[in-house]
$ cat protein29.cif   # mmCIF, C-alpha atoms
data_target
loop_
_atom_site.group_PDB
_atom_site.id
_atom_site.type_symbol
_atom_site.label_atom_id
_atom_site.label_comp_id
_atom_site.auth_asym_id
_atom_site.auth_seq_id
_atom_site.Cartn_x
_atom_site.Cartn_y
_atom_site.Cartn_z
ATOM 1 C CA MET A 1 119.116 118.644 131.098
ATOM 2 C CA ALA A 2 120.318 119.163 127.550
ATOM 3 C CA GLY A 3 123.903 119.640 126.561
ATOM 4 C CA GLY A 4 125.299 121.855 123.832
ATOM 5 C CA PHE A 5 122.722 123.020 121.325
ATOM 6 C CA ALA A 6 120.211 120.238 122.067
ATOM 7 C CA LYS A 7 116.967 121.230 123.724
ATOM 8 C CA ASP A 8 115.556 119.480 126.783
ATOM 9 C CA GLY A 9 113.949 116.165 125.815
ATOM 10 C CA ALA A 10 115.848 115.927 122.519
ATOM 11 C CA VAL A 11 116.851 112.307 123.115
ATOM 12 C CA GLN A 12 113.252 111.303 123.813
ATOM 13 C CA ASP A 13 112.146 113.157 120.659
ATOM 14 C CA GLN A 14 114.665 111.123 118.658
ATOM 15 C CA ILE A 15 113.415 107.876 120.175
ATOM 16 C CA ASP A 16 109.788 108.822 119.484
ATOM 17 C CA ALA A 17 110.600 109.699 115.868
ATOM 18 C CA THR A 18 112.387 106.374 115.365
ATOM 19 C CA VAL A 19 109.416 104.451 116.759
ATOM 20 C CA GLU A 20 106.972 106.425 114.581
ATOM 21 C CA ASP A 21 109.082 105.667 111.485
ATOM 22 C CA ALA A 22 109.078 101.943 112.291
ATOM 23 C CA ILE A 23 105.300 101.943 112.771
ATOM 24 C CA LYS A 24 104.751 103.740 109.454
ATOM 25 C CA ARG A 25 107.034 101.294 107.657
ATOM 26 C CA ALA A 26 105.265 98.271 109.180
ATOM 27 C CA ARG A 27 101.815 99.636 108.319
ATOM 28 C CA SER A 28 102.878 100.320 104.737
ATOM 29 C CA GLU A 29 103.812 96.651 104.331
ATOM 30 C CA LEU A 30 100.416 95.336 105.465
ATOM 31 C CA PRO A 31 98.313 93.825 102.687
ATOM 32 C CA THR A 32 95.341 95.811 101.431
ATOM 33 C CA GLY A 33 92.370 95.119 99.225
ATOM 34 C CA GLU A 34 90.515 91.857 98.794
ATOM 35 C CA SER A 35 92.096 88.606 99.989
ATOM 36 C CA LEU A 36 92.956 85.973 97.433
ATOM 37 C CA THR A 37 91.428 82.505 97.717
ATOM 38 C CA HIS A 38 94.640 80.854 96.466
ATOM 39 C CA CYS A 39 98.279 81.715 97.160
ATOM 40 C CA GLU A 40 99.828 83.803 94.392
ATOM 41 C CA GLU A 41 103.119 81.863 94.675
ATOM 42 C CA CYS A 42 102.204 78.186 95.118
ATOM 43 C CA ASP A 43 98.482 78.256 94.185
ATOM 44 C CA LYS A 44 97.430 76.386 97.368
ATOM 45 C CA GLU A 45 94.100 77.395 98.857
ATOM 46 C CA ILE A 46 94.322 80.040 101.584
ATOM 47 C CA PRO A 47 92.098 79.001 104.522
ATOM 48 C CA ALA A 48 89.024 81.156 105.169
ATOM 49 C CA ALA A 49 90.204 81.833 108.729
ATOM 50 C CA ARG A 50 93.441 83.375 107.399
ATOM 51 C CA ARG A 51 91.569 85.428 104.814
ATOM 52 C CA SER A 52 89.279 86.884 107.477
ATOM 53 C CA ALA A 53 92.104 87.426 110.005
ATOM 54 C CA VAL A 54 94.391 89.196 107.513
ATOM 55 C CA PRO A 55 92.390 91.333 105.077
ATOM 56 C CA GLY A 56 94.126 91.554 101.712
ATOM 57 C CA VAL A 57 96.236 88.417 102.279
ATOM 58 C CA ARG A 58 97.950 87.165 99.105
ATOM 59 C CA LEU A 59 100.143 84.298 100.358
ATOM 60 C CA CYS A 60 99.556 81.061 102.241
ATOM 61 C CA ILE A 61 101.211 80.676 105.639
ATOM 62 C CA ALA A 62 104.134 78.609 104.286
ATOM 63 C CA CYS A 63 104.966 81.082 101.506
ATOM 64 C CA GLN A 64 104.584 84.057 103.853
ATOM 65 C CA ALA A 65 106.918 82.430 106.387
ATOM 66 C CA GLU A 66 109.517 81.842 103.666
ATOM 67 C CA ARG A 67 109.239 85.447 102.474
ATOM 68 C CA ASP A 68 109.608 86.715 106.045
ATOM 69 C CA LYS A 69 112.805 84.646 106.495
ATOM 70 C CA GLN A 70 114.319 86.121 103.349
ATOM 71 C CA ARG A 71 113.477 89.700 104.232
ATOM 72 C CA LYS A 72 116.390 91.701 105.548
ATOM 73 C CA ALA A 73 116.112 93.684 108.729
ATOM 74 C CA VAL A 74 115.582 97.361 108.023
ATOM 75 C CA SER A 75 118.403 99.552 109.193
ATOM 76 C CA GLY A 76 116.980 102.902 110.154
ATOM 77 C CA TYR A 77 118.711 106.245 110.116
ATOM 78 C CA ASN A 78 120.904 106.766 113.178
ATOM 79 C CA ARG A 79 119.565 110.046 114.530
ATOM 80 C CA ARG A 80 122.060 110.048 117.414
ATOM 81 C CA GLY A 81 125.124 109.202 115.350
ATOM 82 C CA SER A 82 127.883 111.606 114.549
ATOM 83 C CA LYS A 83 128.106 113.281 111.171
ATOM 84 C CA ASP A 84 131.052 111.053 110.296
ATOM 85 C CA SER A 85 129.086 107.853 110.933
ATOM 86 C CA GLN A 86 126.211 109.114 108.765
ATOM 87 C CA LEU A 87 128.504 109.861 105.820
ATOM 88 C CA ARG A 88 129.757 106.279 105.563
#

$ encode --input "protein29.cif" --output "structure tokens"
Amino acid sequence: MAGGFAKDGAVQDQIDATVEDAIKRARSELPTGESLTHCEECDKEIPAARRSAVPGVRLCIACQAERDKQRKAVSGYNRRGSKDSQLR
């Protein structure tokens, strides 16, 4: 049952759209192309197993872990928020 001007299933549509956005963002951050044999940050050799497991890999495990720690969490658009909360 929808309330106001919202159609039936509107909340689920918002959830689905949020999940789809997160999947697109994650896929866009995956490496592409040919894997490097040495890390582009520390120049250590990248193991063959990592290169075959992650096509297009550019960093060794240690450098990738450090980069992942420094990355901020992405704050998505609040589709259910009020207009006031979206203007802030």

$ residues_around --input "protein29.cif" --residues "Ile46 in chain A" --least-positions-apart "2" --cutoff "12 Å" --atoms "all atoms listed in the file" --output "ChimeraX atom specification"
/A:35-44,48-64

$ atom_distance --input "protein29.cif" --atom1 "CA of Arg71 in chain A" --atom2 "CA of Glu29 in chain A"
11.9 Å

$ atom_distance --input "protein29.cif" --atom1 "CA of Lys24 in chain A" --atom2 "CA of Lys72 in chain A"
17.2 Å

$ atom_distance --input "protein29.cif" --atom1 "CA of Glu45 in chain A" --atom2 "CA of Ser28 in chain A"
25.2 Å

$ decode --input "protein29.cif" --residues "range 10-45 of chain A" --atoms "N, CA, C and O atoms" --output "PDB file, in the first residue's frame"
ATOM      1  N   ALA A  10       7.085   1.565  -4.287  1.00  0.00           N
ATOM      2  CA  ALA A  10       8.045   2.663  -4.455  1.00  0.00           C
ATOM      3  C   ALA A  10       9.256   2.494  -3.550  1.00  0.00           C
ATOM      4  O   ALA A  10      10.380   2.770  -3.968  1.00  0.00           O
ATOM      5  N   VAL A  11       9.053   2.024  -2.340  1.00  0.00           N
ATOM      6  CA  VAL A  11      10.179   1.843  -1.416  1.00  0.00           C
ATOM      7  C   VAL A  11      11.124   0.776  -1.957  1.00  0.00           C
ATOM      8  O   VAL A  11      12.344   0.951  -1.955  1.00  0.00           O
ATOM      9  N   GLN A  12      10.572  -0.319  -2.453  1.00  0.00           N
ATOM     10  CA  GLN A  12      11.419  -1.377  -3.010  1.00  0.00           C
ATOM     11  C   GLN A  12      12.160  -0.870  -4.243  1.00  0.00           C
ATOM     12  O   GLN A  12      13.324  -1.216  -4.454  1.00  0.00           O
ATOM     13  N   ASP A  13      11.517  -0.044  -5.060  1.00  0.00           N
ATOM     14  CA  ASP A  13      12.191   0.537  -6.227  1.00  0.00           C
ATOM     15  C   ASP A  13      13.376   1.397  -5.796  1.00  0.00           C
ATOM     16  O   ASP A  13      14.428   1.373  -6.428  1.00  0.00           O
ATOM     17  N   GLN A  14      13.221   2.136  -4.709  1.00  0.00           N
ATOM     18  CA  GLN A  14      14.309   2.963  -4.199  1.00  0.00           C
ATOM     19  C   GLN A  14      15.462   2.099  -3.706  1.00  0.00           C
ATOM     20  O   GLN A  14      16.629   2.401  -3.964  1.00  0.00           O
ATOM     21  N   ILE A  15      15.139   1.027  -3.014  1.00  0.00           N
ATOM     22  CA  ILE A  15      16.168   0.110  -2.521  1.00  0.00           C
ATOM     23  C   ILE A  15      16.903  -0.517  -3.694  1.00  0.00           C
ATOM     24  O   ILE A  15      18.139  -0.579  -3.713  1.00  0.00           O
ATOM     25  N   ASP A  16      16.156  -0.992  -4.695  1.00  0.00           N
ATOM     26  CA  ASP A  16      16.774  -1.608  -5.869  1.00  0.00           C
ATOM     27  C   ASP A  16      17.696  -0.627  -6.595  1.00  0.00           C
ATOM     28  O   ASP A  16      18.795  -0.995  -7.019  1.00  0.00           O
ATOM     29  N   ALA A  17      17.266   0.614  -6.727  1.00  0.00           N
ATOM     30  CA  ALA A  17      18.085   1.621  -7.404  1.00  0.00           C
ATOM     31  C   ALA A  17      19.363   1.904  -6.623  1.00  0.00           C
ATOM     32  O   ALA A  17      20.438   2.070  -7.213  1.00  0.00           O
ATOM     33  N   THR A  18      19.282   1.926  -5.307  1.00  0.00           N
ATOM     34  CA  THR A  18      20.461   2.157  -4.477  1.00  0.00           C
ATOM     35  C   THR A  18      21.455   1.011  -4.624  1.00  0.00           C
ATOM     36  O   THR A  18      22.666   1.236  -4.748  1.00  0.00           O
ATOM     37  N   VAL A  19      20.955  -0.215  -4.635  1.00  0.00           N
ATOM     38  CA  VAL A  19      21.822  -1.380  -4.803  1.00  0.00           C
ATOM     39  C   VAL A  19      22.472  -1.362  -6.189  1.00  0.00           C
ATOM     40  O   VAL A  19      23.673  -1.610  -6.330  1.00  0.00           O
ATOM     41  N   GLU A  20      21.700  -1.053  -7.224  1.00  0.00           N
ATOM     42  CA  GLU A  20      22.248  -0.990  -8.582  1.00  0.00           C
ATOM     43  C   GLU A  20      23.344   0.068  -8.687  1.00  0.00           C
ATOM     44  O   GLU A  20      24.374  -0.158  -9.323  1.00  0.00           O
ATOM     45  N   ASP A  21      23.142   1.226  -8.052  1.00  0.00           N
ATOM     46  CA  ASP A  21      24.161   2.277  -8.052  1.00  0.00           C
ATOM     47  C   ASP A  21      25.444   1.798  -7.385  1.00  0.00           C
ATOM     48  O   ASP A  21      26.546   2.062  -7.870  1.00  0.00           O
ATOM     49  N   ALA A  22      25.318   1.104  -6.272  1.00  0.00           N
ATOM     50  CA  ALA A  22      26.499   0.601  -5.554  1.00  0.00           C
ATOM     51  C   ALA A  22      27.246  -0.429  -6.387  1.00  0.00           C
ATOM     52  O   ALA A  22      28.479  -0.430  -6.425  1.00  0.00           O
ATOM     53  N   ILE A  23      26.517  -1.283  -7.089  1.00  0.00           N
ATOM     54  CA  ILE A  23      27.153  -2.290  -7.946  1.00  0.00           C
ATOM     55  C   ILE A  23      27.889  -1.617  -9.097  1.00  0.00           C
ATOM     56  O   ILE A  23      29.037  -1.970  -9.412  1.00  0.00           O
ATOM     57  N   LYS A  24      27.262  -0.632  -9.724  1.00  0.00           N
ATOM     58  CA  LYS A  24      27.928   0.095 -10.818  1.00  0.00           C
ATOM     59  C   LYS A  24      29.190   0.778 -10.344  1.00  0.00           C
ATOM     60  O   LYS A  24      30.214   0.753 -11.014  1.00  0.00           O
ATOM     61  N   ARG A  25      29.123   1.402  -9.166  1.00  0.00           N
ATOM     62  CA  ARG A  25      30.294   2.099  -8.625  1.00  0.00           C
ATOM     63  C   ARG A  25      31.417   1.107  -8.339  1.00  0.00           C
ATOM     64  O   ARG A  25      32.575   1.350  -8.668  1.00  0.00           O
ATOM     65  N   ALA A  26      31.093  -0.039  -7.744  1.00  0.00           N
ATOM     66  CA  ALA A  26      32.109  -1.042  -7.431  1.00  0.00           C
ATOM     67  C   ALA A  26      32.739  -1.600  -8.707  1.00  0.00           C
ATOM     68  O   ALA A  26      33.957  -1.771  -8.783  1.00  0.00           O
ATOM     69  N   ARG A  27      31.918  -1.874  -9.709  1.00  0.00           N
ATOM     70  CA  ARG A  27      32.455  -2.399 -10.974  1.00  0.00           C
ATOM     71  C   ARG A  27      33.345  -1.388 -11.683  1.00  0.00           C
ATOM     72  O   ARG A  27      34.318  -1.754 -12.329  1.00  0.00           O
ATOM     73  N   SER A  28      33.023  -0.105 -11.548  1.00  0.00           N
ATOM     74  CA  SER A  28      33.830   0.920 -12.210  1.00  0.00           C
ATOM     75  C   SER A  28      35.203   1.053 -11.566  1.00  0.00           C
ATOM     76  O   SER A  28      36.129   1.562 -12.190  1.00  0.00           O
ATOM     77  N   GLU A  29      35.347   0.613 -10.325  1.00  0.00           N
ATOM     78  CA  GLU A  29      36.622   0.705  -9.630  1.00  0.00           C
ATOM     79  C   GLU A  29      37.502  -0.524  -9.816  1.00  0.00           C
ATOM     80  O   GLU A  29      38.649  -0.533  -9.379  1.00  0.00           O
ATOM     81  N   LEU A  30      36.985  -1.565 -10.468  1.00  0.00           N
ATOM     82  CA  LEU A  30      37.784  -2.763 -10.713  1.00  0.00           C
ATOM     83  C   LEU A  30      38.875  -2.456 -11.733  1.00  0.00           C
ATOM     84  O   LEU A  30      38.658  -1.699 -12.680  1.00  0.00           O
ATOM     85  N   PRO A  31      40.055  -3.043 -11.545  1.00  0.00           N
ATOM     86  CA  PRO A  31      41.128  -2.805 -12.512  1.00  0.00           C
ATOM     87  C   PRO A  31      40.800  -3.442 -13.856  1.00  0.00           C
ATOM     88  O   PRO A  31      40.075  -4.441 -13.936  1.00  0.00           O
ATOM     89  N   THR A  32      41.323  -2.846 -14.912  1.00  0.00           N
ATOM     90  CA  THR A  32      41.123  -3.383 -16.257  1.00  0.00           C
ATOM     91  C   THR A  32      42.460  -3.396 -16.981  1.00  0.00           C
ATOM     92  O   THR A  32      43.413  -2.752 -16.561  1.00  0.00           O
ATOM     93  N   GLY A  33      42.504  -4.098 -18.074  1.00  0.00           N
ATOM     94  CA  GLY A  33      43.719  -4.147 -18.874  1.00  0.00           C
ATOM     95  C   GLY A  33      44.653  -5.252 -18.409  1.00  0.00           C
ATOM     96  O   GLY A  33      44.276  -6.179 -17.713  1.00  0.00           O
ATOM     97  N   GLU A  34      45.909  -5.114 -18.786  1.00  0.00           N
ATOM     98  CA  GLU A  34      46.914  -6.117 -18.461  1.00  0.00           C
ATOM     99  C   GLU A  34      47.484  -5.867 -17.065  1.00  0.00           C
ATOM    100  O   GLU A  34      47.738  -4.726 -16.675  1.00  0.00           O
ATOM    101  N   SER A  35      47.689  -6.944 -16.317  1.00  0.00           N
ATOM    102  CA  SER A  35      48.263  -6.830 -14.973  1.00  0.00           C
ATOM    103  C   SER A  35      49.732  -6.452 -15.062  1.00  0.00           C
ATOM    104  O   SER A  35      50.440  -6.838 -15.986  1.00  0.00           O
ATOM    105  N   LEU A  36      50.169  -5.694 -14.081  1.00  0.00           N
ATOM    106  CA  LEU A  36      51.584  -5.346 -13.986  1.00  0.00           C
ATOM    107  C   LEU A  36      52.332  -6.468 -13.283  1.00  0.00           C
ATOM    108  O   LEU A  36      51.771  -7.185 -12.459  1.00  0.00           O
ATOM    109  N   THR A  37      53.618  -6.620 -13.594  1.00  0.00           N
ATOM    110  CA  THR A  37      54.423  -7.633 -12.915  1.00  0.00           C
ATOM    111  C   THR A  37      54.996  -7.089 -11.611  1.00  0.00           C
ATOM    112  O   THR A  37      55.332  -7.853 -10.718  1.00  0.00           O
ATOM    113  N   HIS A  38      55.107  -5.761 -11.511  1.00  0.00           N
ATOM    114  CA  HIS A  38      55.627  -5.119 -10.300  1.00  0.00           C
ATOM    115  C   HIS A  38      54.660  -4.009  -9.867  1.00  0.00           C
ATOM    116  O   HIS A  38      54.088  -3.328 -10.705  1.00  0.00           O
ATOM    117  N   CYS A  39      54.540  -3.842  -8.561  1.00  0.00           N
ATOM    118  CA  CYS A  39      53.646  -2.842  -7.984  1.00  0.00           C
ATOM    119  C   CYS A  39      54.032  -1.448  -8.453  1.00  0.00           C
ATOM    120  O   CYS A  39      55.219  -1.097  -8.458  1.00  0.00           O
ATOM    121  N   GLU A  40      53.052  -0.647  -8.849  1.00  0.00           N
ATOM    122  CA  GLU A  40      53.345   0.693  -9.338  1.00  0.00           C
ATOM    123  C   GLU A  40      53.689   1.667  -8.199  1.00  0.00           C
ATOM    124  O   GLU A  40      54.171   2.753  -8.460  1.00  0.00           O
ATOM    125  N   GLU A  41      53.475   1.275  -6.941  1.00  0.00           N
ATOM    126  CA  GLU A  41      53.822   2.151  -5.827  1.00  0.00           C
ATOM    127  C   GLU A  41      55.153   1.779  -5.175  1.00  0.00           C
ATOM    128  O   GLU A  41      55.983   2.642  -4.932  1.00  0.00           O
ATOM    129  N   CYS A  42      55.360   0.498  -4.875  1.00  0.00           N
ATOM    130  CA  CYS A  42      56.571   0.111  -4.144  1.00  0.00           C
ATOM    131  C   CYS A  42      57.554  -0.687  -5.000  1.00  0.00           C
ATOM    132  O   CYS A  42      58.654  -1.004  -4.544  1.00  0.00           O
ATOM    133  N   ASP A  43      57.179  -1.050  -6.189  1.00  0.00           N
ATOM    134  CA  ASP A  43      58.010  -1.779  -7.158  1.00  0.00           C
ATOM    135  C   ASP A  43      58.341  -3.208  -6.738  1.00  0.00           C
ATOM    136  O   ASP A  43      59.232  -3.828  -7.289  1.00  0.00           O
ATOM    137  N   LYS A  44      57.601  -3.768  -5.750  1.00  0.00           N
ATOM    138  CA  LYS A  44      57.772  -5.185  -5.407  1.00  0.00           C
ATOM    139  C   LYS A  44      57.071  -6.031  -6.463  1.00  0.00           C
ATOM    140  O   LYS A  44      56.101  -5.600  -7.079  1.00  0.00           O
ATOM    141  N   GLU A  45      57.558  -7.246  -6.639  1.00  0.00           N
ATOM    142  CA  GLU A  45      56.942  -8.136  -7.627  1.00  0.00           C
ATOM    143  C   GLU A  45      55.548  -8.554  -7.159  1.00  0.00           C
ATOM    144  O   GLU A  45      55.335  -8.876  -5.992  1.00  0.00           O
TER     145      GLU A  45
END
